[in-house]
file protein.cif (mmCIF, C-alpha atoms)
data_input
#
loop_
_atom_site.label_atom_id
_atom_site.label_comp_id
_atom_site.auth_asym_id
_atom_site.auth_seq_id
_atom_site.Cartn_x
_atom_site.Cartn_y
_atom_site.Cartn_z
CA MET A 114 0.00 0.00 0.00
CA GLY A 115 1.15 3.53 -0.74
CA ALA A 116 1.76 6.15 1.91
CA PRO A 117 -1.41 7.96 3.02
CA GLN A 118 -2.01 11.40 1.58
CA GLN A 119 -1.31 14.37 3.85
CA THR A 120 -4.31 16.41 4.94
CA TRP A 121 -4.23 20.21 4.71
CA PRO A 122 -7.62 21.66 5.67
CA THR A 123 -6.46 25.29 5.27
CA VAL A 124 -4.28 26.37 2.34
CA ALA A 125 -2.91 29.89 1.84
CA LEU A 126 -1.46 31.49 -1.25
CA ILE A 127 0.94 34.45 -1.36
CA GLY A 128 2.21 35.82 -4.68
CA HIS A 129 3.51 38.72 -6.69
CA PRO A 130 0.98 41.22 -8.06
CA ALA A 131 0.03 40.69 -11.69
CA TYR A 132 2.06 43.58 -13.09
CA LEU A 133 5.27 41.73 -12.18
CA LEU A 134 4.30 38.74 -14.33
CA GLU A 135 4.54 38.46 -18.09
CA PRO A 136 1.30 37.67 -19.98
CA ALA A 137 2.24 34.02 -20.62
CA ALA A 138 3.17 33.58 -16.96
CA ARG A 139 -0.13 35.13 -15.83
CA ARG A 140 -2.10 32.70 -17.98
CA TRP A 141 -0.11 29.71 -16.73
CA VAL A 142 -0.37 30.66 -13.04
CA HIS A 143 -4.12 31.30 -13.33
CA ARG A 144 -4.69 27.91 -14.95
CA GLU A 145 -2.54 26.05 -12.42
CA LEU A 146 -4.28 27.64 -9.44
CA VAL A 147 -7.66 26.45 -10.70
CA ARG A 148 -6.26 22.93 -10.97
CA ALA A 149 -4.52 23.14 -7.61
CA ALA A 150 -7.69 24.10 -5.75
CA VAL A 151 -9.54 21.05 -7.05
CA ARG A 152 -6.58 18.75 -6.40
CA LEU A 153 -6.07 20.05 -2.87
CA ARG A 154 -9.77 19.62 -2.13
CA ASP A 155 -10.01 16.11 -3.50
CA THR A 156 -6.60 14.74 -2.49
CA ASN A 157 -5.59 16.67 0.62
CA GLY A 158 -8.92 17.57 2.20
CA MET A 159 -8.75 21.33 1.73
CA THR A 160 -11.87 22.92 3.21
CA ARG A 161 -10.67 26.54 3.42
CA GLY A 162 -8.48 28.66 1.16
CA LEU A 163 -6.81 31.87 2.33
CA SER A 164 -6.08 34.82 0.06
CA GLY A 165 -4.55 38.25 0.59
CA MET A 166 -6.45 39.40 -2.52
CA SER A 167 -3.38 40.76 -4.31
CA ARG A 168 -4.02 41.76 -7.89
CA GLY A 169 -3.40 38.69 -10.01
CA PRO A 170 -2.52 35.53 -8.03
CA GLY A 171 -4.49 36.56 -4.94
CA LEU A 172 -7.64 37.14 -6.95
CA TRP A 173 -7.08 34.04 -9.09
CA TRP A 174 -6.65 31.86 -6.00
CA ALA A 175 -9.76 33.30 -4.35
CA ASP A 176 -11.75 32.57 -7.50
CA ALA A 177 -10.29 29.05 -7.77
CA VAL A 178 -11.23 28.33 -4.13
CA LEU A 179 -14.81 29.41 -4.75
CA ARG A 180 -15.01 27.43 -7.99
CA ALA A 181 -13.93 24.35 -6.01
CA HIS A 182 -16.81 25.03 -3.57
CA VAL A 183 -14.39 25.59 -0.69
CA ASP A 184 -14.72 28.23 2.04
CA LEU A 185 -12.81 31.42 1.24
CA GLY A 186 -10.94 33.28 4.00
CA LEU A 187 -9.68 36.80 3.26
CA HIS A 188 -6.74 38.66 4.81
CA LEU A 189 -6.44 42.24 3.55
CA PRO A 190 -3.18 44.13 4.11
CA PHE A 191 -5.02 47.46 4.16
CA LEU A 192 -8.43 49.01 3.63
CA ARG A 193 -9.65 49.89 0.14
CA GLN A 194 -6.94 47.73 -1.34
CA ALA A 195 -8.25 47.90 -4.91
CA ASP A 196 -8.94 51.63 -5.17
CA SER A 197 -6.21 52.40 -7.70
CA TRP A 198 -6.51 49.18 -9.73
CA PRO A 199 -7.84 49.07 -13.30
CA ASP A 200 -11.62 48.77 -13.46
CA ALA A 201 -11.79 45.08 -14.36
CA ASP A 202 -9.57 44.03 -11.46
CA ARG A 203 -11.38 46.32 -9.04
CA VAL A 204 -14.75 44.84 -10.05
CA GLU A 205 -13.38 41.31 -9.62
CA TRP A 206 -12.02 42.22 -6.17
CA MET A 207 -15.44 43.50 -5.12
CA ARG A 208 -17.17 40.39 -6.51
CA LEU A 209 -14.90 38.04 -4.60
CA MET A 210 -15.20 40.10 -1.43
CA GLY A 211 -18.95 39.63 -1.65
CA ARG A 212 -18.60 35.86 -2.03
CA ALA A 213 -16.46 35.27 1.07
CA GLY A 214 -18.20 33.43 3.86
CA ARG A 215 -17.15 35.85 6.60
CA ALA A 216 -15.71 39.34 7.08
CA PRO A 217 -12.02 39.73 6.18
CA LEU A 218 -9.20 40.32 8.59
CA VAL A 219 -7.58 43.71 7.94
CA TYR A 220 -4.10 44.81 9.02
CA GLY A 221 -3.94 48.53 8.21
CA ALA A 222 -5.75 51.56 6.87
CA THR A 223 -3.13 52.55 4.27
CA PRO A 224 -0.39 50.76 2.30
CA GLN A 225 2.52 50.22 4.67
CA PRO A 226 5.22 47.53 4.61
CA ARG A 227 4.35 46.42 8.15
CA SER A 228 0.70 45.89 7.18
CA LEU A 229 1.55 43.60 4.28
CA ILE A 230 4.12 41.72 6.35
CA ALA A 231 1.58 41.21 9.15
CA CYS A 232 -1.02 40.02 6.63
CA HIS A 233 1.32 37.47 5.08
CA ARG A 234 2.53 36.18 8.43
CA ALA A 235 -0.99 35.77 9.76
CA MET A 236 -1.94 33.69 6.72
CA ILE A 237 1.14 31.52 7.13
CA ASP A 238 0.39 30.99 10.82
CA GLU A 239 -3.21 30.00 10.09
CA ALA A 240 -2.55 27.73 7.12
CA ASP A 241 -1.71 24.03 7.10
CA GLU A 242 -0.13 24.40 3.66
CA LEU A 243 1.42 27.40 1.86
CA LEU A 244 1.66 28.08 -1.87
CA VAL A 245 3.88 30.90 -3.14
CA VAL A 246 3.93 32.44 -6.61
CA TRP A 247 7.48 33.77 -6.69
CA GLN A 248 9.75 34.91 -9.51
CA PRO A 249 13.23 33.40 -9.08
CA GLY A 250 15.55 35.95 -7.49
CA ALA A 251 12.82 38.54 -6.91
CA ARG A 252 13.01 40.58 -3.71
CA GLY A 253 10.24 42.09 -1.65
CA GLN A 254 7.25 40.93 0.36
CA VAL A 255 6.87 37.46 -1.17
CA CYS A 256 10.53 36.79 -0.40
CA ASP A 257 9.94 38.00 3.17
CA ALA A 258 6.98 35.62 3.46
CA VAL A 259 9.08 32.66 2.33
CA ARG A 260 11.78 33.52 4.86
CA TYR A 261 9.20 33.75 7.64
CA ALA A 262 7.68 30.39 6.67
CA LEU A 263 11.09 28.73 6.69
CA ALA A 264 11.81 30.20 10.13
CA GLN A 265 8.61 28.55 11.36
CA GLY A 266 9.74 25.19 10.03
CA ARG A 267 7.49 25.36 6.96
CA CYS A 268 8.54 24.52 3.39
CA PRO A 269 6.25 26.29 0.92
CA VAL A 270 5.21 24.88 -2.42
CA TRP A 271 6.85 27.07 -5.06
CA ILE A 272 4.79 27.99 -8.12
CA ASP A 273 7.51 29.30 -10.44
CA PRO A 274 6.00 31.53 -13.15
CA GLU A 275 9.30 31.91 -14.99
CA GLN A 276 10.07 28.21 -15.46
CA GLN A 277 6.38 27.25 -15.28
CA TRP A 278 6.79 24.41 -12.83
CA ILE A 279 5.58 23.59 -9.32
CA HIS A 280 7.75 21.95 -6.67
CA ARG A 281 8.65 22.05 -2.99
CA PRO A 282 12.33 22.82 -2.33
CA ALA A 283 13.74 21.40 0.89
CA ALA A 284 14.41 23.84 3.73
CA ASP A 285 18.15 23.80 3.04
CA GLU A 286 17.56 24.41 -0.67
CA TRP A 287 15.39 27.53 -0.37
CA PRO A 288 18.26 29.86 0.73
CA THR A 289 20.08 29.13 -2.53
CA PHE A 290 17.17 30.71 -4.43
CA LEU A 291 16.48 33.68 -2.15
CA PRO A 292 18.24 37.07 -2.24
CA SER A 293 19.98 38.25 0.90
CA PRO A 294 17.80 39.65 3.74
CA ALA A 295 19.32 43.14 3.30
CA GLU A 296 18.46 43.19 -0.41
CA ALA A 297 14.94 41.93 0.33
CA ALA A 298 14.33 44.65 2.94
CA VAL A 299 15.31 47.45 0.55
CA SER A 300 13.09 46.01 -2.17
CA ALA A 301 10.14 45.63 0.22
CA GLN A 302 10.09 49.39 0.76
CA ALA A 303 10.16 50.00 -2.99
CA GLU A 304 7.38 47.47 -3.51
CA MET A 305 5.06 49.28 -1.11
CA ARG A 306 5.82 52.63 -2.75
CA SER A 307 4.80 51.02 -6.04
CA VAL A 308 1.52 49.87 -4.49
CA ARG A 309 0.78 53.41 -3.31
CA ASN A 310 1.80 55.23 -6.48
CA ARG A 311 1.16 52.86 -9.37
CA ARG A 312 -1.35 53.77 -12.05
CA ASP A 313 -0.48 50.73 -14.07
CA GLY A 314 -1.84 49.03 -17.15
CA GLN A 315 -0.84 45.56 -18.29
CA PRO A 316 2.91 44.84 -18.58
CA GLY A 317 4.14 44.35 -22.09
CA THR A 318 1.06 45.89 -23.73
CA GLY A 319 2.05 49.55 -23.70
CA GLN A 320 -1.41 50.41 -22.39
CA PRO A 321 -1.63 53.09 -19.71
CA GLY A 322 -3.44 52.53 -16.45
CA THR A 323 -6.88 53.86 -15.68
CA GLY A 324 -5.81 56.10 -12.80
CA ARG A 325 -7.29 56.13 -9.34
CA VAL A 326 -10.83 54.83 -9.15
CA ALA A 327 -12.84 55.36 -5.98
CA ASN A 328 -14.31 52.25 -4.41
CA THR A 329 -17.88 53.37 -3.85
CA GLY A 330 -19.06 50.26 -2.02
CA SER A 331 -19.48 50.31 1.73
CA TYR A 332 -16.92 48.32 3.70
CA HIS A 333 -16.61 47.29 7.32
CA ALA A 334 -13.81 45.13 8.73
CA ALA A 335 -15.90 43.58 11.47
CA SER A 336 -13.66 40.65 12.31
CA ARG A 337 -10.63 42.60 13.58
CA PRO A 338 -10.12 46.24 14.54
CA VAL A 339 -8.01 48.10 12.02
CA ARG A 340 -4.49 48.48 13.34
CA LYS A 341 -3.40 52.08 13.72
CA ASN A 342 -0.30 53.14 11.81
#
call {"tool": "encode", "arguments": {"input": "protein.cif", "output": "structure tokens"}}
result
Amino acid sequence: MGAPQQTWPTVALIGHPAYLLEPAARRWVHRELVRAAVRLRDTNGMTRGLSGMSRGPGLWWADAVLRAHVDLGLHLPFLRQADSWPDADRVEWMRLMGRAGRAPLVYGATPQPRSLIACHRAMIDEADELLVVWQPGARGQVCDAVRYALAQGRCPVWIDPEQQWIHRPAADEWPTFLPSPAEAAVSAQAEMRSVRNRRDGQPGTGQPGTGRVANTGSYHAASRPVRKN
């Protein structure tokens, strides 16, 4: 008889925002997340999927979890996360927010590095399994999340959009892929400035962004008081 399958009731995903991924990589990651949600449900007993609702992988994972008829748990790094996104992504964010089974956990009122770090770490602490969409060598908040997971004795599943493969490096293998902590810290600051200032379109298309769009829907983070910055 083969070894019994591991059970992971709660699975979290952390990944780069869509504008850091090339079009072919975005399509591949989206497709693989849909497949992963069904496989994790059927093979590993996933009953809850966690998403930070980042533009791109976070939204795709939330949608995949719902398509698999699994409970969706949301962790938002800050309020009104999608305000400056292009219209289509902002509408999708609002749709998925409305489909979640309970109010999201929120970690800040404005984009700040500490809010995103706290969001990622809370998801890692809650989850039984962690998936990361990470570009090889990239610095920033996803890299920080991987380092935190490793420090907790966790080995994330790496969804590599560049090579288009999925695997789980051993704990002693991960450091060979990751940039130094000092480089990651500098890049994390730049990443949050990009979140605050970006008016982006789609990478590689030459199309400008749509500018800041107000989120007109009402919103209340009932499950956790907003942390003051």
call {"tool": "resolve_selection", "arguments": {"input": "protein.cif", "expression": "the PyMOL selection byres ((chain A and resi 119-135) around 8)", "output": "PyMOL selection string"}}
result
chain A and resi 117-118+136-139+153+156-165+167-171+174+233+236-237+239-248+255+258+274+313-317
call {"tool": "atom_distance", "arguments": {"input": "protein.cif", "atom1": "atom CA of A:Ala222", "atom2": "atom CA of A:Gln254"}}
result
18.0 Å
call {"tool": "atom_distance", "arguments": {"input": "protein.cif", "atom1": "atom CA of A:Trp206", "atom2": "atom CA of A:Leu187"}}
result
11.1 Å
call {"tool": "atom_distance", "arguments": {"input": "protein.cif", "atom1": "atom CA of A:Leu185", "atom2": "atom CA of A:Ala235"}}
result
15.2 Å
call {"tool": "resolve_selection", "arguments": {"input": "protein.cif", "expression": "the PyMOL selection byres ((chain A and resi 220) around 8)", "output": "list in words"}}
result
His188, Leu189, Pro190, Phe191, Leu218, Val219, Gly221, Ala222, Ser228, Leu229, Ala231, Cys232, Val339 and Arg340 of chain A
call {"tool": "closest_residue", "arguments": {"input": "protein.cif", "among": "A:Arg252, A:Pro217, A:Val142, A:Ala201", "to": "A:Met166", "atoms": "only C-alpha atoms"}}
result
A:Pro217
call {"tool": "axis_aligned_box", "arguments": {"input": "protein.cif", "around": "stretch 163-167 of chain A", "padding_each_side": "4 Å", "output": "AutoDock Vina command-line options"}}
result
--center_x -5.1 --center_y 36.3 --center_z -1.0 --size_x 11.4 --size_y 16.9 --size_z 14.6
call {"tool": "residues_around", "arguments": {"input": "protein.cif", "residues": "A:Glu205", "least_positions_apart": "5", "cutoff": "9 Å", "atoms": "only C-alpha atoms", "output": "PyMOL selection string"}}
result
chain A and resi 172+200+210
call {"tool": "residues_around", "arguments": {"input": "protein.cif", "residues": "stretch 280-290 of chain A", "least_positions_apart": "5", "cutoff": "7 Å", "atoms": "only C-alpha atoms", "output": "PyMOL selection string"}}
result
chain A and resi 249-250+263+268-272
call {"tool": "residues_around", "arguments": {"input": "protein.cif", "residues": "A:Val178", "least_positions_apart": "2", "cutoff": "9 Å", "atoms": "all atoms listed in the file", "output": "number ranges by chain"}}
result
A: 146-147, 150-151, 161-163, 173-176, 180-185
